[in-house]
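Asks: Data file data.txt (compact mmCIF, N, CA and C atoms) is appended below.
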# COMPACT_ATOMS: atom_id res chain seq x y z
N PRO O 1 135.76 73.36 85.73
CA PRO O 1 136.17 73.51 87.12
C PRO O 1 136.12 72.17 87.86
N LEU O 2 136.99 72.03 88.80
CA LEU O 2 137.02 70.86 89.66
C LEU O 2 136.47 71.23 91.02
N PRO O 3 136.06 70.26 91.80
CA PRO O 3 135.56 70.59 93.15
C PRO O 3 136.65 71.28 93.96
N LYS O 4 136.22 72.18 94.82
CA LYS O 4 137.18 72.86 95.68
C LYS O 4 137.78 71.86 96.65
N CYS O 5 139.07 72.05 96.93
CA CYS O 5 139.73 71.12 97.85
C CYS O 5 139.82 71.75 99.24
N GLN O 6 139.63 70.93 100.22
CA GLN O 6 139.76 71.38 101.59
C GLN O 6 140.53 70.32 102.36
N GLY O 7 141.59 70.73 102.98
CA GLY O 7 142.34 69.83 103.83
C GLY O 7 142.21 70.28 105.27
N MET O 8 142.76 69.50 106.15
CA MET O 8 142.65 69.84 107.58
C MET O 8 143.34 71.16 107.90
N PHE O 9 144.50 71.40 107.28
CA PHE O 9 145.28 72.57 107.64
C PHE O 9 145.43 73.55 106.48
N THR O 10 144.63 73.37 105.43
CA THR O 10 144.72 74.28 104.28
C THR O 10 143.42 75.03 104.12
N GLN O 11 143.51 76.09 103.37
CA GLN O 11 142.32 76.86 103.06
C GLN O 11 141.74 76.33 101.75
N VAL O 12 140.53 76.73 101.44
CA VAL O 12 139.90 76.32 100.19
C VAL O 12 140.74 76.83 99.03
N CYS O 13 141.00 75.95 98.06
CA CYS O 13 141.81 76.37 96.91
C CYS O 13 141.07 76.04 95.62
N PRO O 14 140.90 77.03 94.73
CA PRO O 14 140.23 76.78 93.46
C PRO O 14 141.10 75.87 92.59
N ALA O 15 140.47 75.07 91.76
CA ALA O 15 141.21 74.17 90.87
C ALA O 15 140.45 73.99 89.57
N ALA O 16 141.17 73.67 88.51
CA ALA O 16 140.57 73.40 87.20
C ALA O 16 141.43 72.38 86.48
N ALA O 17 140.85 71.73 85.48
CA ALA O 17 141.59 70.78 84.64
C ALA O 17 141.35 71.16 83.19
N VAL O 18 142.38 71.06 82.39
CA VAL O 18 142.28 71.35 80.97
C VAL O 18 142.73 70.10 80.21
N PHE O 19 141.90 69.64 79.27
CA PHE O 19 142.24 68.49 78.45
C PHE O 19 142.45 68.98 77.03
N VAL O 20 143.54 68.55 76.42
CA VAL O 20 143.86 68.94 75.05
C VAL O 20 143.92 67.67 74.21
N SER O 21 143.27 67.70 73.05
CA SER O 21 143.32 66.53 72.17
C SER O 21 143.47 66.98 70.73
N ASP O 22 143.97 66.09 69.91
CA ASP O 22 144.13 66.33 68.48
C ASP O 22 142.88 65.83 67.77
N PRO O 23 142.09 66.72 67.16
CA PRO O 23 140.85 66.27 66.52
C PRO O 23 141.09 65.35 65.32
N GLU O 24 142.29 65.37 64.77
CA GLU O 24 142.62 64.51 63.64
C GLU O 24 142.88 63.07 64.09
N GLU O 25 143.28 62.90 65.34
CA GLU O 25 143.62 61.57 65.84
C GLU O 25 142.37 60.90 66.37
N ARG O 26 142.09 59.69 65.88
CA ARG O 26 140.93 58.95 66.31
C ARG O 26 141.38 57.75 67.14
N HIS O 27 140.71 57.52 68.24
CA HIS O 27 140.97 56.34 69.05
C HIS O 27 139.69 55.94 69.76
N ASP O 28 139.64 54.69 70.13
CA ASP O 28 138.44 54.17 70.78
C ASP O 28 138.27 54.77 72.18
N VAL O 29 137.03 54.97 72.53
CA VAL O 29 136.71 55.40 73.89
C VAL O 29 136.59 54.14 74.74
N PRO O 30 137.44 53.98 75.75
CA PRO O 30 137.41 52.75 76.55
C PRO O 30 136.08 52.59 77.30
N GLN O 31 135.48 51.41 77.16
CA GLN O 31 134.20 51.15 77.79
C GLN O 31 134.27 51.23 79.31
N ASP O 32 135.37 50.74 79.89
CA ASP O 32 135.46 50.79 81.35
C ASP O 32 135.51 52.22 81.86
N MET O 33 136.12 53.10 81.09
CA MET O 33 136.17 54.52 81.47
C MET O 33 134.78 55.14 81.38
N LEU O 34 134.03 54.78 80.34
CA LEU O 34 132.66 55.30 80.22
C LEU O 34 131.80 54.83 81.39
N ARG O 35 132.02 53.60 81.80
CA ARG O 35 131.25 53.07 82.92
C ARG O 35 131.56 53.83 84.20
N ARG O 36 132.84 54.15 84.41
CA ARG O 36 133.23 54.87 85.63
C ARG O 36 132.80 56.33 85.59
N VAL O 37 133.05 57.00 84.46
CA VAL O 37 132.79 58.44 84.37
C VAL O 37 131.29 58.75 84.36
N TYR O 38 130.52 57.97 83.61
CA TYR O 38 129.10 58.29 83.42
C TYR O 38 128.15 57.31 84.10
N GLY O 39 128.68 56.26 84.72
CA GLY O 39 127.82 55.30 85.39
C GLY O 39 127.02 54.44 84.42
N LEU O 40 127.58 54.17 83.24
CA LEU O 40 126.88 53.36 82.24
C LEU O 40 126.98 51.88 82.57
N SER O 41 125.99 51.13 82.15
CA SER O 41 126.04 49.67 82.27
C SER O 41 126.98 49.14 81.18
N ARG O 42 127.28 47.86 81.22
CA ARG O 42 128.15 47.26 80.18
C ARG O 42 127.54 47.43 78.79
N LYS O 43 126.26 47.13 78.66
CA LYS O 43 125.60 47.25 77.35
C LYS O 43 125.55 48.71 76.88
N GLU O 44 125.28 49.63 77.80
CA GLU O 44 125.24 51.05 77.45
C GLU O 44 126.62 51.52 77.00
N ALA O 45 127.66 51.09 77.70
CA ALA O 45 129.02 51.49 77.34
C ALA O 45 129.41 50.92 75.99
N ALA O 46 129.01 49.68 75.71
CA ALA O 46 129.31 49.08 74.41
C ALA O 46 128.62 49.85 73.29
N LEU O 47 127.37 50.22 73.50
CA LEU O 47 126.64 51.00 72.51
C LEU O 47 127.27 52.37 72.33
N ALA O 48 127.59 53.04 73.42
CA ALA O 48 128.20 54.37 73.34
C ALA O 48 129.52 54.33 72.58
N THR O 49 130.32 53.29 72.81
CA THR O 49 131.60 53.15 72.11
C THR O 49 131.37 53.03 70.60
N LEU O 50 130.41 52.22 70.22
CA LEU O 50 130.12 52.07 68.78
C LEU O 50 129.62 53.38 68.19
N LEU O 51 128.74 54.07 68.89
CA LEU O 51 128.23 55.35 68.39
C LEU O 51 129.36 56.37 68.25
N ALA O 52 130.31 56.34 69.17
CA ALA O 52 131.43 57.29 69.13
C ALA O 52 132.33 57.05 67.93
N THR O 53 132.30 55.84 67.37
CA THR O 53 133.12 55.56 66.18
C THR O 53 132.37 55.86 64.89
N GLY O 54 131.13 56.36 65.01
CA GLY O 54 130.36 56.72 63.83
C GLY O 54 129.40 55.65 63.36
N THR O 55 129.27 54.58 64.11
CA THR O 55 128.34 53.51 63.77
C THR O 55 126.91 54.01 64.01
N SER O 56 126.02 53.72 63.08
CA SER O 56 124.62 54.13 63.25
C SER O 56 123.99 53.30 64.37
N LEU O 57 122.88 53.78 64.88
CA LEU O 57 122.19 53.07 65.96
C LEU O 57 121.73 51.69 65.49
N ASP O 58 121.19 51.61 64.28
CA ASP O 58 120.73 50.32 63.76
C ASP O 58 121.88 49.34 63.57
N ALA O 59 123.00 49.83 63.02
CA ALA O 59 124.16 48.96 62.83
C ALA O 59 124.74 48.53 64.18
N ALA O 60 124.74 49.44 65.15
CA ALA O 60 125.24 49.10 66.49
C ALA O 60 124.36 48.03 67.12
N ALA O 61 123.05 48.15 66.95
CA ALA O 61 122.13 47.15 67.49
C ALA O 61 122.44 45.78 66.88
N ASP O 62 122.68 45.76 65.58
CA ASP O 62 123.02 44.51 64.91
C ASP O 62 124.32 43.93 65.46
N GLN O 63 125.34 44.77 65.62
CA GLN O 63 126.64 44.31 66.13
C GLN O 63 126.52 43.79 67.56
N LEU O 64 125.70 44.44 68.36
CA LEU O 64 125.52 44.02 69.75
C LEU O 64 124.49 42.90 69.90
N GLN O 65 123.87 42.53 68.79
CA GLN O 65 122.86 41.48 68.75
C GLN O 65 121.71 41.76 69.72
N VAL O 66 121.21 43.00 69.63
CA VAL O 66 120.03 43.39 70.40
C VAL O 66 119.00 43.97 69.44
N ALA O 67 117.76 43.98 69.86
CA ALA O 67 116.71 44.57 69.04
C ALA O 67 116.93 46.08 68.93
N LYS O 68 116.47 46.63 67.83
CA LYS O 68 116.64 48.07 67.62
C LYS O 68 115.92 48.87 68.71
N ASP O 69 114.77 48.41 69.16
CA ASP O 69 114.06 49.09 70.26
C ASP O 69 114.87 49.05 71.55
N THR O 70 115.55 47.94 71.79
CA THR O 70 116.42 47.84 72.97
C THR O 70 117.56 48.83 72.86
N ALA O 71 118.16 48.94 71.68
CA ALA O 71 119.25 49.89 71.47
C ALA O 71 118.75 51.32 71.69
N ARG O 72 117.55 51.63 71.24
CA ARG O 72 116.98 52.96 71.46
C ARG O 72 116.79 53.26 72.95
N LYS O 73 116.34 52.25 73.68
CA LYS O 73 116.16 52.42 75.13
C LYS O 73 117.51 52.63 75.82
N HIS O 74 118.52 51.87 75.39
CA HIS O 74 119.87 52.07 75.93
C HIS O 74 120.35 53.49 75.63
N LEU O 75 120.13 53.94 74.40
CA LEU O 75 120.56 55.29 74.00
C LEU O 75 119.87 56.35 74.86
N GLN O 76 118.60 56.19 75.12
CA GLN O 76 117.89 57.16 75.96
C GLN O 76 118.49 57.21 77.37
N ARG O 77 118.82 56.05 77.93
CA ARG O 77 119.45 56.01 79.26
C ARG O 77 120.84 56.63 79.23
N ILE O 78 121.59 56.37 78.15
CA ILE O 78 122.94 56.95 78.02
C ILE O 78 122.83 58.47 77.99
N LYS O 79 121.91 58.99 77.18
CA LYS O 79 121.75 60.45 77.08
C LYS O 79 121.35 61.04 78.43
N LYS O 80 120.49 60.35 79.15
CA LYS O 80 120.07 60.85 80.47
C LYS O 80 121.27 60.89 81.43
N LYS O 81 122.05 59.81 81.44
CA LYS O 81 123.20 59.73 82.35
C LYS O 81 124.30 60.73 81.99
N THR O 82 124.42 61.08 80.71
CA THR O 82 125.47 62.02 80.29
C THR O 82 124.97 63.46 80.19
N GLY O 83 123.67 63.65 80.38
CA GLY O 83 123.12 65.00 80.32
C GLY O 83 123.03 65.56 78.91
N THR O 84 122.94 64.68 77.92
CA THR O 84 122.82 65.12 76.53
C THR O 84 121.40 64.87 76.05
N THR O 85 121.02 65.53 74.95
CA THR O 85 119.67 65.37 74.43
C THR O 85 119.65 64.80 73.02
N ARG O 86 120.74 64.96 72.28
CA ARG O 86 120.79 64.45 70.90
C ARG O 86 121.97 63.49 70.74
N GLN O 87 121.85 62.57 69.79
CA GLN O 87 122.91 61.59 69.58
C GLN O 87 124.22 62.27 69.16
N GLY O 88 124.14 63.26 68.32
CA GLY O 88 125.35 63.98 67.90
C GLY O 88 126.03 64.68 69.07
N GLU O 89 125.22 65.24 69.96
CA GLU O 89 125.74 65.89 71.15
C GLU O 89 126.44 64.86 72.06
N LEU O 90 125.85 63.68 72.15
CA LEU O 90 126.44 62.60 72.94
C LEU O 90 127.80 62.21 72.38
N VAL O 91 127.86 61.99 71.08
CA VAL O 91 129.13 61.59 70.44
C VAL O 91 130.19 62.66 70.66
N ALA O 92 129.83 63.92 70.47
CA ALA O 92 130.79 65.00 70.69
C ALA O 92 131.29 65.00 72.13
N LEU O 93 130.40 64.79 73.08
CA LEU O 93 130.78 64.73 74.48
C LEU O 93 131.75 63.58 74.73
N LEU O 94 131.43 62.40 74.22
CA LEU O 94 132.27 61.23 74.44
C LEU O 94 133.66 61.42 73.88
N LEU O 95 133.75 62.05 72.71
CA LEU O 95 135.05 62.23 72.07
C LEU O 95 135.88 63.36 72.67
N SER O 96 135.21 64.30 73.33
CA SER O 96 135.95 65.44 73.88
C SER O 96 136.12 65.38 75.39
N SER O 97 135.46 64.44 76.04
CA SER O 97 135.53 64.37 77.50
C SER O 97 136.76 63.59 77.94
N GLN O 98 136.96 63.55 79.25
CA GLN O 98 138.10 62.81 79.79
C GLN O 98 138.04 61.34 79.41
N ALA O 99 136.86 60.80 79.23
CA ALA O 99 136.75 59.38 78.85
C ALA O 99 137.31 59.16 77.45
N GLY O 100 137.13 60.11 76.58
CA GLY O 100 137.65 59.98 75.22
C GLY O 100 139.11 60.31 75.08
N LEU O 101 139.70 60.89 76.09
CA LEU O 101 141.10 61.28 76.03
C LEU O 101 142.04 60.22 76.58
N VAL O 102 141.51 59.21 77.19
CA VAL O 102 142.34 58.14 77.76
C VAL O 102 142.89 57.29 76.63
N ARG O 103 144.16 56.97 76.73
CA ARG O 103 144.79 56.12 75.71
C ARG O 103 145.24 54.82 76.35
N ASP O 104 145.12 53.77 75.57
CA ASP O 104 145.67 52.50 76.01
C ASP O 104 147.17 52.54 75.79
N SER O 105 147.94 52.07 76.79
CA SER O 105 149.39 52.11 76.63
C SER O 105 149.91 50.79 76.12
Using structure tokens, write down the structure that the file contains.
Replies:
Amino acid sequence: PLPKCQGMFTQVCPAAAVFVSDPEERHDVPQDMLRRVYGLSRKEAALATLLATGTSLDAAADQLQVAKDTARKHLQRIKKKTGTTRQGELVALLLSSQAGLVRDS
């Protein structure tokens, strides 16, 4: 569901959005979209993007050149900001949400 709309001369109108995606098609989740949608920092968005591609947390930490403990702290903040509790749940959310449906043209 989307927030109800109210205009000066209109009545409240219910609204919803439906996103359809092909599960076979893989594409990167844009970091700038993650930052806008979930309020992630640059480092958090970079980590989330790597996790969404199937990169392990340890490998992502290496790629981002941060300590594994730092990556874990980033992951905890990402999960808090996205309302998820498990890494798999986070990845599923990222790939199925509006942030994961945006395509570069």
Asks: Quick one, how far is atom CA of O:Thr85 from atom C of O:Thr55?
Replies: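 A separation of 17.0 Å between them.
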Asks: Looking at O:Ala52, O:Gln76, O:Lys68, O:Val18, which one is nearest to O:Leu90, with distances taken over all atoms listed in the file?
Replies: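 Nearest candidate to O:Leu90 out of O:Ala52, O:Gln76, O:Lys68, O:Val18: O:Ala52.
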Asks: One number please: atom CA of O:Ile78 to atom CA of O:Arg36, in Å, one decimal.
Replies: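 Between these atoms lies a distance of 13.0 Å.
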Asks: Calculated over only C-alpha atoms, which of the candidates O:Val66, O:Leu34, O:Ala92, O:Ala71 has the smallest distance to O:Thr49?
Replies: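 Smallest separation from O:Thr49 among the options: O:Leu34.
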Asks: Taking only C-alpha atoms into account, which of O:Ser96, O:Thr82, O:Asp58, O:Gln31 comes nearest O:Ala46?
Replies: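 When distances to O:Ala46 are compared using only C-alpha atoms, the smallest one comes from O:Gln31.
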Asks: What residues have an atom no more than 6 Å from (122.7, 53.8, 80.9) in the file's own frame, counting all atoms listed in the file, and can you write them as a list in words?
Replies: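 Output: Gly39, Leu40, Ser41, Glu44, His74, Arg77 and Ile78 of chain O.
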Asks: Can you measure atom CA of O:Ala45 to atom CA of O:Thr84 for me? One decimal in Å is fine.
Replies: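 Those two atoms sit 15.0 Å apart.
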